[in-house]
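Engineer: Contents of run.cif (mmCIF, C-alpha atoms) are given next:
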```cif
data_protein
loop_
_atom_site.group_PDB
_atom_site.id
_atom_site.type_symbol
_atom_site.label_atom_id
_atom_site.label_comp_id
_atom_site.auth_asym_id
_atom_site.auth_seq_id
_atom_site.Cartn_x
_atom_site.Cartn_y
_atom_site.Cartn_z
ATOM 1 C CA MET A 126 13.987 -1.759 -27.013
ATOM 2 C CA LYS A 127 10.799 -0.285 -28.401
ATOM 3 C CA ILE A 128 7.530 0.581 -26.693
ATOM 4 C CA GLY A 129 5.163 0.645 -29.618
ATOM 5 C CA ASN A 130 6.902 2.948 -32.078
ATOM 6 C CA THR A 131 8.939 4.730 -29.397
ATOM 7 C CA GLU A 132 12.580 3.699 -29.288
ATOM 8 C CA ILE A 133 14.412 3.643 -25.962
ATOM 9 C CA ASN A 134 18.185 3.481 -26.091
ATOM 10 C CA GLY A 135 19.732 2.639 -22.757
ATOM 11 C CA TYR A 136 19.438 0.507 -19.679
ATOM 12 C CA ALA A 137 17.498 2.405 -17.015
ATOM 13 C CA ALA A 138 14.483 4.694 -16.670
ATOM 14 C CA ILE A 139 13.577 7.168 -13.944
ATOM 15 C CA ALA A 140 10.449 6.264 -11.981
ATOM 16 C CA PRO A 141 7.447 8.616 -11.603
ATOM 17 C CA MET A 142 7.971 9.612 -7.970
ATOM 18 C CA ALA A 143 5.309 12.067 -6.841
ATOM 19 C CA GLY A 144 6.706 15.257 -5.340
ATOM 20 C CA VAL A 145 10.251 14.332 -6.348
ATOM 21 C CA ALA A 146 10.678 13.373 -10.008
ATOM 22 C CA ASP A 147 9.759 16.774 -11.379
ATOM 23 C CA ARG A 148 11.080 18.375 -14.541
ATOM 24 C CA ALA A 149 14.315 19.587 -12.906
ATOM 25 C CA PHE A 150 15.111 16.162 -11.481
ATOM 26 C CA ARG A 151 14.171 14.309 -14.660
ATOM 27 C CA GLU A 152 16.351 16.536 -16.838
ATOM 28 C CA LEU A 153 19.251 16.035 -14.448
ATOM 29 C CA CYS A 154 18.855 12.245 -14.577
ATOM 30 C CA VAL A 155 18.693 12.275 -18.378
ATOM 31 C CA GLY A 156 21.950 14.217 -18.327
ATOM 32 C CA PHE A 157 23.498 11.343 -16.398
ATOM 33 C CA GLY A 158 22.180 8.720 -18.798
ATOM 34 C CA ALA A 159 18.562 7.901 -17.921
ATOM 35 C CA ALA A 160 17.112 6.405 -21.107
ATOM 36 C CA TYR A 161 13.445 7.129 -20.442
ATOM 37 C CA VAL A 162 11.428 9.217 -17.991
ATOM 38 C CA VAL A 163 7.904 8.999 -16.622
ATOM 39 C CA GLY A 164 6.452 12.203 -15.185
ATOM 40 C CA GLU A 165 4.806 12.532 -11.792
ATOM 41 C CA MET A 166 1.370 10.930 -11.700
ATOM 42 C CA VAL A 167 -1.497 13.209 -12.649
ATOM 43 C CA SER A 168 -5.134 12.894 -11.614
ATOM 44 C CA ALA A 169 -7.342 12.172 -14.610
ATOM 45 C CA LYS A 170 -10.254 13.733 -12.762
ATOM 46 C CA GLY A 171 -8.108 16.778 -11.976
ATOM 47 C CA ILE A 172 -7.458 17.235 -15.686
ATOM 48 C CA THR A 173 -11.163 17.094 -16.501
ATOM 49 C CA TYR A 174 -11.797 19.637 -13.719
ATOM 50 C CA ASN A 175 -9.241 22.021 -15.300
ATOM 51 C CA SER A 176 -6.847 21.832 -12.364
ATOM 52 C CA GLU A 177 -3.857 24.128 -12.928
ATOM 53 C CA LYS A 178 -1.708 21.849 -10.759
ATOM 54 C CA SER A 179 -2.560 18.917 -13.025
ATOM 55 C CA PHE A 180 -1.643 20.928 -16.102
ATOM 56 C CA GLU A 181 1.740 21.804 -14.591
ATOM 57 C CA LEU A 182 2.482 18.134 -13.952
ATOM 58 C CA LEU A 183 1.829 17.309 -17.602
ATOM 59 C CA GLU A 184 4.618 19.552 -18.879
ATOM 60 C CA LEU A 185 7.533 17.818 -20.582
ATOM 61 C CA SER A 186 10.634 19.463 -22.005
ATOM 62 C CA ARG A 187 12.730 18.633 -25.045
ATOM 63 C CA GLN A 188 15.611 17.729 -22.740
ATOM 64 C CA GLU A 189 13.802 14.712 -21.266
ATOM 65 C CA ARG A 190 12.796 12.577 -24.223
ATOM 66 C CA PRO A 191 11.513 9.942 -24.685
ATOM 67 C CA ALA A 192 9.029 10.734 -21.937
ATOM 68 C CA ALA A 193 5.652 9.585 -20.687
ATOM 69 C CA VAL A 194 2.932 11.286 -18.709
ATOM 70 C CA GLN A 195 1.367 9.075 -16.064
ATOM 71 C CA LEU A 196 -2.340 9.244 -15.272
ATOM 72 C CA PHE A 197 -4.260 7.794 -12.349
ATOM 73 C CA GLY A 198 -7.973 7.196 -11.976
ATOM 74 C CA TYR A 199 -10.512 4.393 -12.053
ATOM 75 C CA GLU A 200 -13.136 5.472 -14.597
ATOM 76 C CA PRO A 201 -12.346 4.376 -18.166
ATOM 77 C CA ASP A 202 -14.175 7.282 -19.816
ATOM 78 C CA VAL A 203 -12.538 9.882 -17.569
ATOM 79 C CA MET A 204 -9.119 8.310 -18.130
ATOM 80 C CA ALA A 205 -9.696 8.391 -21.889
ATOM 81 C CA LYS A 206 -10.695 12.073 -21.845
ATOM 82 C CA ALA A 207 -7.689 12.938 -19.674
ATOM 83 C CA ALA A 208 -5.339 11.043 -21.985
ATOM 84 C CA ASP A 209 -6.733 12.856 -24.999
ATOM 85 C CA PHE A 210 -6.167 16.204 -23.251
ATOM 86 C CA ALA A 211 -2.645 15.179 -22.200
ATOM 87 C CA MET A 212 -1.690 14.804 -25.847
ATOM 88 C CA LYS A 213 -1.517 18.621 -26.001
ATOM 89 C CA TYR A 214 1.789 18.236 -24.137
ATOM 90 C CA SER A 215 3.184 15.849 -26.783
ATOM 91 C CA PRO A 216 4.082 12.866 -24.590
ATOM 92 C CA ASP A 217 5.782 9.959 -26.333
ATOM 93 C CA ILE A 218 3.810 7.517 -24.183
ATOM 94 C CA ILE A 219 0.769 7.534 -21.888
ATOM 95 C CA ASP A 220 1.369 5.477 -18.731
ATOM 96 C CA ILE A 221 -1.437 4.329 -16.431
ATOM 97 C CA ASN A 222 -0.758 4.078 -12.709
ATOM 98 C CA MET A 223 -2.040 0.814 -11.252
ATOM 99 C CA GLY A 224 0.547 0.589 -8.501
ATOM 100 C CA CYS A 225 0.553 3.635 -6.218
ATOM 101 C CA PRO A 226 0.083 2.418 -2.611
ATOM 102 C CA ALA A 227 -0.665 5.831 -1.063
ATOM 103 C CA PRO A 228 -3.925 5.704 0.944
ATOM 104 C CA LYS A 229 -5.351 8.874 -0.635
ATOM 105 C CA ILE A 230 -4.947 7.246 -4.071
ATOM 106 C CA ALA A 231 -5.718 3.593 -3.364
ATOM 107 C CA CYS A 232 -8.629 4.256 -1.000
ATOM 108 C CA ASN A 233 -10.285 6.183 -3.817
ATOM 109 C CA GLY A 234 -10.183 3.132 -6.095
ATOM 110 C CA SER A 235 -7.170 4.284 -8.116
ATOM 111 C CA GLY A 236 -3.521 3.244 -8.183
ATOM 112 C CA SER A 237 -2.850 -0.161 -6.643
ATOM 113 C CA ALA A 238 -6.558 -0.610 -5.793
ATOM 114 C CA LEU A 239 -7.086 -1.401 -9.487
ATOM 115 C CA MET A 240 -5.156 -4.639 -8.926
ATOM 116 C CA LYS A 241 -8.274 -5.904 -7.130
ATOM 117 C CA ASN A 242 -10.268 -5.598 -10.348
ATOM 118 C CA PRO A 243 -8.294 -7.001 -13.307
ATOM 119 C CA GLN A 244 -11.190 -6.610 -15.746
ATOM 120 C CA LEU A 245 -11.450 -2.911 -14.940
ATOM 121 C CA CYS A 246 -7.718 -2.614 -15.591
ATOM 122 C CA GLY A 247 -8.340 -3.962 -19.084
ATOM 123 C CA GLU A 248 -11.277 -1.624 -19.673
ATOM 124 C CA ILE A 249 -9.158 1.389 -18.717
ATOM 125 C CA VAL A 250 -6.290 0.353 -20.995
ATOM 126 C CA ARG A 251 -8.681 -0.237 -23.890
ATOM 127 C CA ALA A 252 -10.402 3.125 -23.435
ATOM 128 C CA VAL A 253 -7.145 5.061 -23.210
ATOM 129 C CA SER A 254 -5.601 3.174 -26.146
ATOM 130 C CA GLN A 255 -8.558 4.092 -28.326
ATOM 131 C CA ALA A 256 -8.329 7.751 -27.292
ATOM 132 C CA VAL A 257 -4.683 8.428 -28.194
ATOM 133 C CA ASP A 258 -2.280 7.630 -31.015
ATOM 134 C CA VAL A 259 0.798 7.006 -28.848
ATOM 135 C CA PRO A 260 1.678 3.787 -26.997
ATOM 136 C CA VAL A 261 -0.180 3.136 -23.731
ATOM 137 C CA THR A 262 1.632 1.379 -20.893
ATOM 138 C CA VAL A 263 0.792 0.358 -17.328
ATOM 139 C CA LYS A 264 2.640 0.260 -14.043
ATOM 140 C CA ILE A 265 1.456 -2.470 -11.682
ATOM 141 C CA ARG A 266 2.414 -4.143 -8.429
ATOM 142 C CA LYS A 267 2.777 -7.785 -7.443
ATOM 143 C CA GLY A 268 -0.814 -7.640 -6.219
ATOM 144 C CA TRP A 269 -2.959 -6.040 -3.547
ATOM 145 C CA ASP A 270 -1.781 -8.295 -0.696
ATOM 146 C CA SER A 271 -0.257 -11.734 -0.110
ATOM 147 C CA SER A 272 -3.588 -13.463 -0.731
ATOM 148 C CA SER A 273 -4.106 -11.772 -4.108
ATOM 149 C CA VAL A 274 -0.829 -11.950 -6.006
ATOM 150 C CA ASN A 275 -2.108 -11.402 -9.533
ATOM 151 C CA ALA A 276 0.495 -9.391 -11.433
ATOM 152 C CA VAL A 277 0.658 -12.010 -14.194
ATOM 153 C CA GLU A 278 -3.130 -12.005 -14.676
ATOM 154 C CA VAL A 279 -3.321 -8.204 -14.756
ATOM 155 C CA ALA A 280 -0.373 -7.924 -17.144
ATOM 156 C CA VAL A 281 -1.918 -10.414 -19.581
ATOM 157 C CA ILE A 282 -5.290 -8.641 -19.488
ATOM 158 C CA CYS A 283 -3.635 -5.269 -20.068
ATOM 159 C CA GLU A 284 -1.643 -6.628 -23.013
ATOM 160 C CA GLN A 285 -4.817 -8.054 -24.559
ATOM 161 C CA ALA A 286 -6.494 -4.644 -24.082
ATOM 162 C CA GLY A 287 -3.740 -2.844 -25.975
ATOM 163 C CA ALA A 288 -0.932 -2.063 -23.518
ATOM 164 C CA LYS A 289 2.448 -1.819 -25.245
ATOM 165 C CA ALA A 290 4.591 -2.380 -22.125
ATOM 166 C CA VAL A 291 4.185 -3.120 -18.430
ATOM 167 C CA THR A 292 6.281 -1.984 -15.483
ATOM 168 C CA VAL A 293 6.219 -4.332 -12.498
ATOM 169 C CA HIS A 294 7.049 -3.283 -8.937
ATOM 170 C CA GLY A 295 7.758 -6.519 -7.126
ATOM 171 C CA ARG A 296 5.818 -5.826 -3.929
ATOM 172 C CA THR A 297 2.144 -5.954 -3.022
ATOM 173 C CA ARG A 298 0.294 -2.826 -2.023
ATOM 174 C CA SER A 299 0.210 -3.972 1.609
ATOM 175 C CA GLN A 300 4.015 -4.298 1.594
ATOM 176 C CA GLN A 301 4.430 -0.640 0.523
ATOM 177 C CA TYR A 302 8.226 -0.328 0.002
ATOM 178 C CA ALA A 303 9.453 -3.166 2.248
ATOM 179 C CA PRO A 304 10.481 -6.048 2.525
ATOM 180 C CA PRO A 305 12.912 -6.673 -0.363
ATOM 181 C CA VAL A 306 11.357 -6.730 -3.822
ATOM 182 C CA ASP A 307 10.186 -10.065 -5.235
ATOM 183 C CA ILE A 308 12.335 -10.546 -8.331
ATOM 184 C CA ASP A 309 10.545 -13.736 -9.323
ATOM 185 C CA ILE A 310 7.159 -12.083 -9.949
ATOM 186 C CA ILE A 311 8.817 -9.806 -12.508
ATOM 187 C CA ARG A 312 10.300 -12.895 -14.191
ATOM 188 C CA GLN A 313 6.868 -14.549 -14.257
ATOM 189 C CA VAL A 314 5.290 -11.499 -15.917
ATOM 190 C CA LYS A 315 8.085 -11.399 -18.492
ATOM 191 C CA GLN A 316 7.443 -15.033 -19.374
ATOM 192 C CA ALA A 317 3.679 -14.497 -19.632
ATOM 193 C CA VAL A 318 3.531 -11.528 -22.040
ATOM 194 C CA SER A 319 5.078 -10.621 -25.368
ATOM 195 C CA ILE A 320 5.277 -6.862 -24.746
ATOM 196 C CA PRO A 321 8.325 -5.272 -23.047
ATOM 197 C CA VAL A 322 8.535 -5.638 -19.274
ATOM 198 C CA ILE A 323 10.234 -3.028 -17.091
ATOM 199 C CA GLY A 324 11.546 -4.235 -13.726
ATOM 200 C CA ASN A 325 11.140 -1.891 -10.765
ATOM 201 C CA GLY A 326 12.097 -2.009 -7.092
ATOM 202 C CA ASP A 327 15.268 -1.863 -4.975
ATOM 203 C CA ILE A 328 17.593 -0.634 -7.744
ATOM 204 C CA THR A 329 20.120 1.288 -5.650
ATOM 205 C CA SER A 330 23.310 0.416 -7.550
ATOM 206 C CA ALA A 331 24.527 -0.629 -10.970
ATOM 207 C CA GLN A 332 24.917 -4.189 -9.697
ATOM 208 C CA ASP A 333 21.266 -4.225 -8.607
ATOM 209 C CA ALA A 334 20.302 -3.305 -12.165
ATOM 210 C CA ALA A 335 22.507 -6.053 -13.595
ATOM 211 C CA ASP A 336 20.947 -8.577 -11.227
ATOM 212 C CA MET A 337 17.444 -7.472 -12.199
ATOM 213 C CA TYR A 338 18.226 -8.035 -15.873
ATOM 214 C CA GLU A 339 19.861 -11.406 -15.258
ATOM 215 C CA LYS A 340 17.226 -12.841 -12.911
ATOM 216 C CA THR A 341 14.081 -11.586 -14.655
ATOM 217 C CA GLY A 342 14.956 -11.236 -18.337
ATOM 218 C CA CYS A 343 13.288 -7.816 -18.258
ATOM 219 C CA ASP A 344 13.731 -5.338 -21.104
ATOM 220 C CA LEU A 345 14.509 -2.253 -19.001
ATOM 221 C CA VAL A 346 14.954 -1.393 -15.332
ATOM 222 C CA MET A 347 13.312 1.534 -13.578
ATOM 223 C CA VAL A 348 15.103 3.392 -10.799
ATOM 224 C CA GLY A 349 13.135 5.179 -8.097
ATOM 225 C CA ARG A 350 14.422 5.985 -4.616
ATOM 226 C CA GLY A 351 17.911 4.811 -5.599
ATOM 227 C CA ALA A 352 18.289 7.983 -7.667
ATOM 228 C CA LEU A 353 17.458 10.400 -4.843
ATOM 229 C CA GLY A 354 20.550 12.497 -4.219
ATOM 230 C CA ASN A 355 22.235 10.065 -6.582
ATOM 231 C CA PRO A 356 21.409 10.900 -10.229
ATOM 232 C CA TRP A 357 24.744 9.482 -11.396
ATOM 233 C CA ILE A 358 23.379 5.986 -10.731
ATOM 234 C CA PHE A 359 22.335 6.059 -14.396
ATOM 235 C CA ARG A 360 25.901 6.733 -15.475
ATOM 236 C CA GLU A 361 27.064 3.828 -13.318
ATOM 237 C CA ILE A 362 24.424 1.467 -14.742
ATOM 238 C CA ASN A 363 25.345 2.417 -18.309
ATOM 239 C CA SER A 364 29.006 1.892 -17.497
ATOM 240 C CA LEU A 365 28.478 -1.585 -16.058
ATOM 241 C CA LEU A 366 26.006 -2.847 -18.651
ATOM 242 C CA GLY A 367 27.119 -0.985 -21.741
ATOM 243 C CA ALA A 368 30.288 -0.179 -23.591
ATOM 244 C CA ASP A 369 30.944 3.037 -21.698
ATOM 245 C CA ARG A 370 34.283 3.582 -20.020
ATOM 246 C CA PRO A 371 34.356 2.604 -16.325
ATOM 247 C CA SER A 372 32.497 5.054 -14.109
ATOM 248 C CA LEU A 373 34.684 6.710 -11.502
ATOM 249 C CA PRO A 374 33.402 7.083 -7.913
ATOM 250 C CA VAL A 375 31.574 10.320 -7.276
ATOM 251 C CA SER A 376 33.755 12.806 -5.423
ATOM 252 C CA PRO A 377 32.362 15.092 -2.691
ATOM 253 C CA ALA A 378 33.133 18.058 -4.968
ATOM 254 C CA GLU A 379 31.018 16.602 -7.794
ATOM 255 C CA ARG A 380 28.232 15.785 -5.351
ATOM 256 C CA ILE A 381 28.093 19.410 -4.207
ATOM 257 C CA SER A 382 28.353 20.744 -7.759
ATOM 258 C CA VAL A 383 25.425 18.595 -8.924
ATOM 259 C CA LEU A 384 23.368 19.562 -5.869
ATOM 260 C CA ILE A 385 23.808 23.254 -6.673
ATOM 261 C CA ARG A 386 22.982 22.696 -10.344
ATOM 262 C CA HIS A 387 19.900 20.687 -9.418
ATOM 263 C CA ILE A 388 18.505 23.296 -7.031
ATOM 264 C CA GLN A 389 19.311 26.137 -9.418
ATOM 265 C CA LYS A 390 17.193 24.393 -12.052
ATOM 266 C CA LEU A 391 14.463 23.717 -9.492
ATOM 267 C CA CYS A 392 14.266 27.409 -8.587
ATOM 268 C CA GLU A 393 14.296 28.385 -12.255
ATOM 269 C CA TYR A 394 11.239 26.229 -12.961
ATOM 270 C CA LYS A 395 9.255 26.751 -9.752
ATOM 271 C CA GLY A 396 10.479 30.050 -8.337
ATOM 272 C CA GLU A 397 12.811 30.492 -5.386
ATOM 273 C CA ALA A 398 10.146 30.252 -2.656
ATOM 274 C CA VAL A 399 8.775 26.882 -3.783
ATOM 275 C CA GLY A 400 12.094 25.663 -5.122
ATOM 276 C CA MET A 401 13.934 26.185 -1.860
ATOM 277 C CA ARG A 402 11.239 24.499 0.195
ATOM 278 C CA GLU A 403 11.599 21.466 -2.025
ATOM 279 C CA ALA A 404 15.384 21.831 -2.016
ATOM 280 C CA ARG A 405 15.513 20.891 1.663
ATOM 281 C CA LYS A 406 14.731 17.215 1.095
ATOM 282 C CA HIS A 407 16.946 17.007 -1.995
ATOM 283 C CA ALA A 408 19.904 18.547 -0.164
ATOM 284 C CA ALA A 409 19.465 16.057 2.683
ATOM 285 C CA TRP A 410 19.645 13.196 0.179
ATOM 286 C CA TYR A 411 22.797 14.589 -1.457
ATOM 287 C CA PHE A 412 24.501 15.005 1.918
ATOM 288 C CA LYS A 413 23.915 11.370 2.877
ATOM 289 C CA GLY A 414 27.215 9.608 3.481
ATOM 290 C CA MET A 415 29.278 12.793 3.546
ATOM 291 C CA ARG A 416 31.362 13.995 6.483
ATOM 292 C CA ASP A 417 29.157 15.620 9.170
ATOM 293 C CA ALA A 418 26.107 14.521 7.180
ATOM 294 C CA ALA A 419 23.720 14.747 10.137
ATOM 295 C CA ALA A 420 24.627 18.380 10.814
ATOM 296 C CA LEU A 421 24.416 19.227 7.109
ATOM 297 C CA ARG A 422 20.954 17.669 6.862
ATOM 298 C CA ARG A 423 19.747 19.667 9.864
ATOM 299 C CA LYS A 424 20.941 22.883 8.275
ATOM 300 C CA ALA A 425 19.401 21.866 4.952
ATOM 301 C CA GLY A 426 16.034 21.753 6.702
ATOM 302 C CA THR A 427 16.212 25.521 7.270
ATOM 303 C CA LEU A 428 17.037 26.617 3.701
ATOM 304 C CA GLU A 429 14.952 29.538 2.454
ATOM 305 C CA LYS A 430 16.992 31.228 -0.279
ATOM 306 C CA PHE A 431 19.313 29.931 -2.960
ATOM 307 C CA ASP A 432 22.142 31.944 -1.409
ATOM 308 C CA ASP A 433 21.574 29.964 1.803
ATOM 309 C CA LEU A 434 22.365 26.793 -0.109
ATOM 310 C CA ILE A 435 25.527 28.308 -1.574
ATOM 311 C CA GLU A 436 26.740 29.295 1.899
ATOM 312 C CA LEU A 437 25.963 25.841 3.278
ATOM 313 C CA CYS A 438 27.833 24.165 0.452
ATOM 314 C CA LYS A 439 30.869 26.386 1.075
ATOM 315 C CA SER A 440 31.024 24.978 4.591
ATOM 316 C CA VAL A 441 31.235 21.360 3.392
ATOM 317 C CA GLU A 442 34.611 19.693 3.845
ATOM 318 C CA LEU A 443 35.625 18.290 0.460
#
```
Here is the file; what I need is its structure written in the form of structure tokens.
Structural biologist:
Amino acid sequence: MKIGNTEINGYAAIAPMAGVADRAFRELCVGFGAAYVVGEMVSAKGITYNSEKSFELLELSRQERPAAVQLFGYEPDVMAKAADFAMKYSPDIIDINMGCPAPKIACNGSGSALMKNPQLCGEIVRAVSQAVDVPVTVKIRKGWDSSSVNAVEVAVICEQAGAKAVTVHGRTRSQQYAPPVDIDIIRQVKQAVSIPVIGNGDITSAQDAADMYEKTGCDLVMVGRGALGNPWIFREINSLLGADRPSLPVSPAERISVLIRHIQKLCEYKGEAVGMREARKHAAWYFKGMRDAAALRRKAGTLEKFDDLIELCKSVEL
């Protein structure tokens, strides 16, 4: 598929999960077959205020292409200025967040709150599209709540304003991340627009991805929480949907090896102090389903140095 002039070869993308899908994680997922990555969402206002944290979130490496930076905000002119600045980091695509349900984002008028104002969504897309020379895409939800399911309307308006693709998370903002995703709303959006549609929500296995494709007709699937502690989900999706050889089950030894590689990369990019604090949650996800997982997760919560992780991994029964 193509998003504007950007070619994406594969079946699944990694979602822009704040605080999780950082450079280390994205590169790891690409290594396992993720076809496209979207960076952690960045505040447009933070960029215009010269926030160092915002600048760090904009960084993309050569190992994770094609890649998008994702911006959030509610003021078209500020979003346009932020997008123009973000081009210094050479993103292949600029993605606009219209789906984040977090109170600190939505209560400020950004993220999923934009679903309440479809015309503003169009104004933002138009302003950003005019400010940059790469494709502009949007990520939306089913709607704000059950009484305002308007994903189709918003998607059509965004396409008319210049969006080159739309990602649809099949839940309303009020539903957060439960109950099960509404597959049908993604199908409806796909039927209503001519740009590529990316299906998002509840992809925790290769079969989930296959079902998403079959039931919605979407052009790509996006994996979020299903990749946590499980980056090989992309290898499994490619194996099921593509011409790859069958994917073998992940052994405990491979799980531990990938965990160590992941955290080593995390510490390389962020320093050991920050990296190991963030390693605690990642290690807990990798240990899920393993023998004595509860005890391993408890110990993971105390990690302070990379050597602590190595010692913990040596204690795992393989």
Engineer: Write out as an MDAnalysis selection string which residues come within 12 Å of Glu436 in chain A when counting all atoms listed in the file, dropping same-chain ones fewer than 4 positions away.
Structural biologist: chainID A and resid 381 385 421 424:425 428:432 440:441
Engineer: Might I get the box with edges along x, y and z of the file that holds all atoms of range 214-220 of chain A listed there, padded by 8 Å on every side, given as centre and edge lengths in Å to one decimal, as JSON?
Structural biologist:
```
{"center_x": 3.3, "center_y": 11.9, "center_z": -22.8, "size_x": 21.0, "size_y": 28.8, "size_z": 24.1}
```
Engineer: Can you pull out every residue within 8 Å of Pro141 in chain A, counting all atoms listed in the file, but drop anything in the same chain fewer than 5 positions away, and send it as number ranges by chain?
Structural biologist: A: 146, 162-166, 195, 349
Engineer: Of the candidates A:Ala211, A:Ala419, A:Val314, A:Val145, which one gets nearest to Asn175 in chain A if we count all atoms listed in the file?
Structural biologist: A:Ala211
Engineer: Once the PyMOL selection byres ((chain A and resi 298) around 12) has been applied to the shown file, what residues remain in the selection, as a PyMOL selection string?
Structural biologist: chain A and resi 223-228+230-232+235-241+265-276+294-297+299-304+306
Engineer: Find the distance between CA of Asp147 in chain A and CA of Leu182 in chain A and write it in Å to one decimal.
Structural biologist: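 Answer for the CA of Asp147 in chain A to CA of Leu182 in chain A separation: 7.8 Å.
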Engineer: Nearest to Leu245 in chain A among A:Glu339, A:Ala286, A:Asn233, A:Leu196, with distances taken over only C-alpha atoms: which residue is it?
Structural biologist: A:Ala286
Engineer: Report, in Å to a single decimal, how far apart CA of Gly135 in chain A and CA of Ala290 in chain A are.
Structural biologist: 16.0 Å
Engineer: I'd like to see the residues matched by the PyMOL selection byres ((chain A and resi 312) around 9) on this file, and ideally I'd get them as a ChimeraX atom specification.
Structural biologist: /A:308-311,313-317,324,340-343
Engineer: Show which residues sit within 10 Å of Asp258 in chain A, as a short mmCIF file (atom, residue, chain, number, x, y, z; two decimals) with C-alpha atoms, in the coordinates of the input. Count all atoms listed in the file, and ignore same-chain residues fewer than 6 positions away.
Structural biologist:
```cif
data_model
loop_
_atom_site.label_atom_id
_atom_site.label_comp_id
_atom_site.auth_asym_id
_atom_site.auth_seq_id
_atom_site.Cartn_x
_atom_site.Cartn_y
_atom_site.Cartn_z
CA ASP A 209 -6.73 12.86 -25.00
CA MET A 212 -1.69 14.80 -25.85
CA ASP A 217 5.78 9.96 -26.33
CA ILE A 218 3.81 7.52 -24.18
CA ILE A 219 0.77 7.53 -21.89
#
```
Engineer: Please measure the separation of CA of Cys438 in chain A and CA of Gly354 in chain A, giving the value in Å to one decimal.
Structural biologist: 14.5 Å
Engineer: Hey, what's within 9 Å of range 332-338 of chain A if we count all atoms listed in the file and toss same-chain stuff fewer than 3 positions away? As a list in words, please?
Structural biologist: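 The residues that qualify are Tyr136, Ala137, Ile308, Ile311, Gly324, Asn325, Asp327, Ile328, Thr329, Thr341, Gly342, Cys343, Asp344, Leu345, Val346, Met347, Val348, Ile362, Leu365 and Leu366 of chain A.
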Engineer: When distances are computed from all atoms listed in the file, which of A:Pro191, A:Gly198, A:Pro216, A:Pro243 shows the smallest separation from Val167 in chain A?
Structural biologist: A:Gly198
Engineer: A:Glu284, A:Gly144, A:Val293, A:Ala149: which is nearest Lys395 in chain A, counting all atoms listed in the file?
Structural biologist: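 Looking only at the distances to Lys395 in chain A, the closest residue turns out to be A:Ala149.
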Engineer: Taking the block above, write range 250-290 of chain A with C-alpha atoms as a PDB file, in the first residue's frame.
Structural biologist:
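File written: out.pdb
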```pdb
ATOM      1  CA  VAL A 250      -5.662  18.600   8.593  1.00  0.00           C
ATOM      2  CA  ARG A 251      -5.811  21.362   5.986  1.00  0.00           C
ATOM      3  CA  ALA A 252      -3.418  23.605   7.914  1.00  0.00           C
ATOM      4  CA  VAL A 253      -0.889  20.839   8.515  1.00  0.00           C
ATOM      5  CA  SER A 254      -1.132  19.578   4.921  1.00  0.00           C
ATOM      6  CA  GLN A 255      -0.333  23.044   3.622  1.00  0.00           C
ATOM      7  CA  ALA A 256       2.644  23.363   5.977  1.00  0.00           C
ATOM      8  CA  VAL A 257       4.547  20.199   5.010  1.00  0.00           C
ATOM      9  CA  ASP A 258       5.470  18.316   1.853  1.00  0.00           C
ATOM     10  CA  VAL A 259       4.971  14.797   3.242  1.00  0.00           C
ATOM     11  CA  PRO A 260       1.668  12.914   3.569  1.00  0.00           C
ATOM     12  CA  VAL A 261      -0.566  13.886   6.504  1.00  0.00           C
ATOM     13  CA  THR A 262      -2.655  11.209   8.202  1.00  0.00           C
ATOM     14  CA  VAL A 263      -5.053  11.070  11.149  1.00  0.00           C
ATOM     15  CA  LYS A 264      -5.804   8.606  13.902  1.00  0.00           C
ATOM     16  CA  ILE A 265      -9.401   8.694  15.119  1.00  0.00           C
ATOM     17  CA  ARG A 266     -11.793   6.766  17.324  1.00  0.00           C
ATOM     18  CA  LYS A 267     -15.308   5.469  16.755  1.00  0.00           C
ATOM     19  CA  GLY A 268     -16.572   8.683  18.331  1.00  0.00           C
ATOM     20  CA  TRP A 269     -16.655  10.514  21.639  1.00  0.00           C
ATOM     21  CA  ASP A 270     -19.366   8.338  23.224  1.00  0.00           C
ATOM     22  CA  SER A 271     -22.247   6.054  22.238  1.00  0.00           C
ATOM     23  CA  SER A 272     -24.472   9.014  21.366  1.00  0.00           C
ATOM     24  CA  SER A 273     -21.903  10.551  19.005  1.00  0.00           C
ATOM     25  CA  VAL A 274     -20.516   7.769  16.835  1.00  0.00           C
ATOM     26  CA  ASN A 275     -19.123   9.830  13.974  1.00  0.00           C
ATOM     27  CA  ALA A 276     -15.953   8.143  12.738  1.00  0.00           C
ATOM     28  CA  VAL A 277     -17.283   8.017   9.171  1.00  0.00           C
ATOM     29  CA  GLU A 278     -18.123  11.742   9.157  1.00  0.00           C
ATOM     30  CA  VAL A 279     -14.739  12.721  10.597  1.00  0.00           C
ATOM     31  CA  ALA A 280     -12.856  10.448   8.197  1.00  0.00           C
ATOM     32  CA  VAL A 281     -14.642  11.917   5.167  1.00  0.00           C
ATOM     33  CA  ILE A 282     -13.990  15.488   6.326  1.00  0.00           C
ATOM     34  CA  CYS A 283     -10.318  14.715   6.935  1.00  0.00           C
ATOM     35  CA  GLU A 284      -9.964  13.136   3.490  1.00  0.00           C
ATOM     36  CA  GLN A 285     -11.548  16.198   1.874  1.00  0.00           C
ATOM     37  CA  ALA A 286      -9.108  18.405   3.836  1.00  0.00           C
ATOM     38  CA  GLY A 287      -6.089  16.528   2.506  1.00  0.00           C
ATOM     39  CA  ALA A 288      -5.503  13.495   4.741  1.00  0.00           C
ATOM     40  CA  LYS A 289      -3.769  10.666   2.882  1.00  0.00           C
ATOM     41  CA  ALA A 290      -4.798   7.859   5.270  1.00  0.00           C
TER      42      ALA A 290
END
```
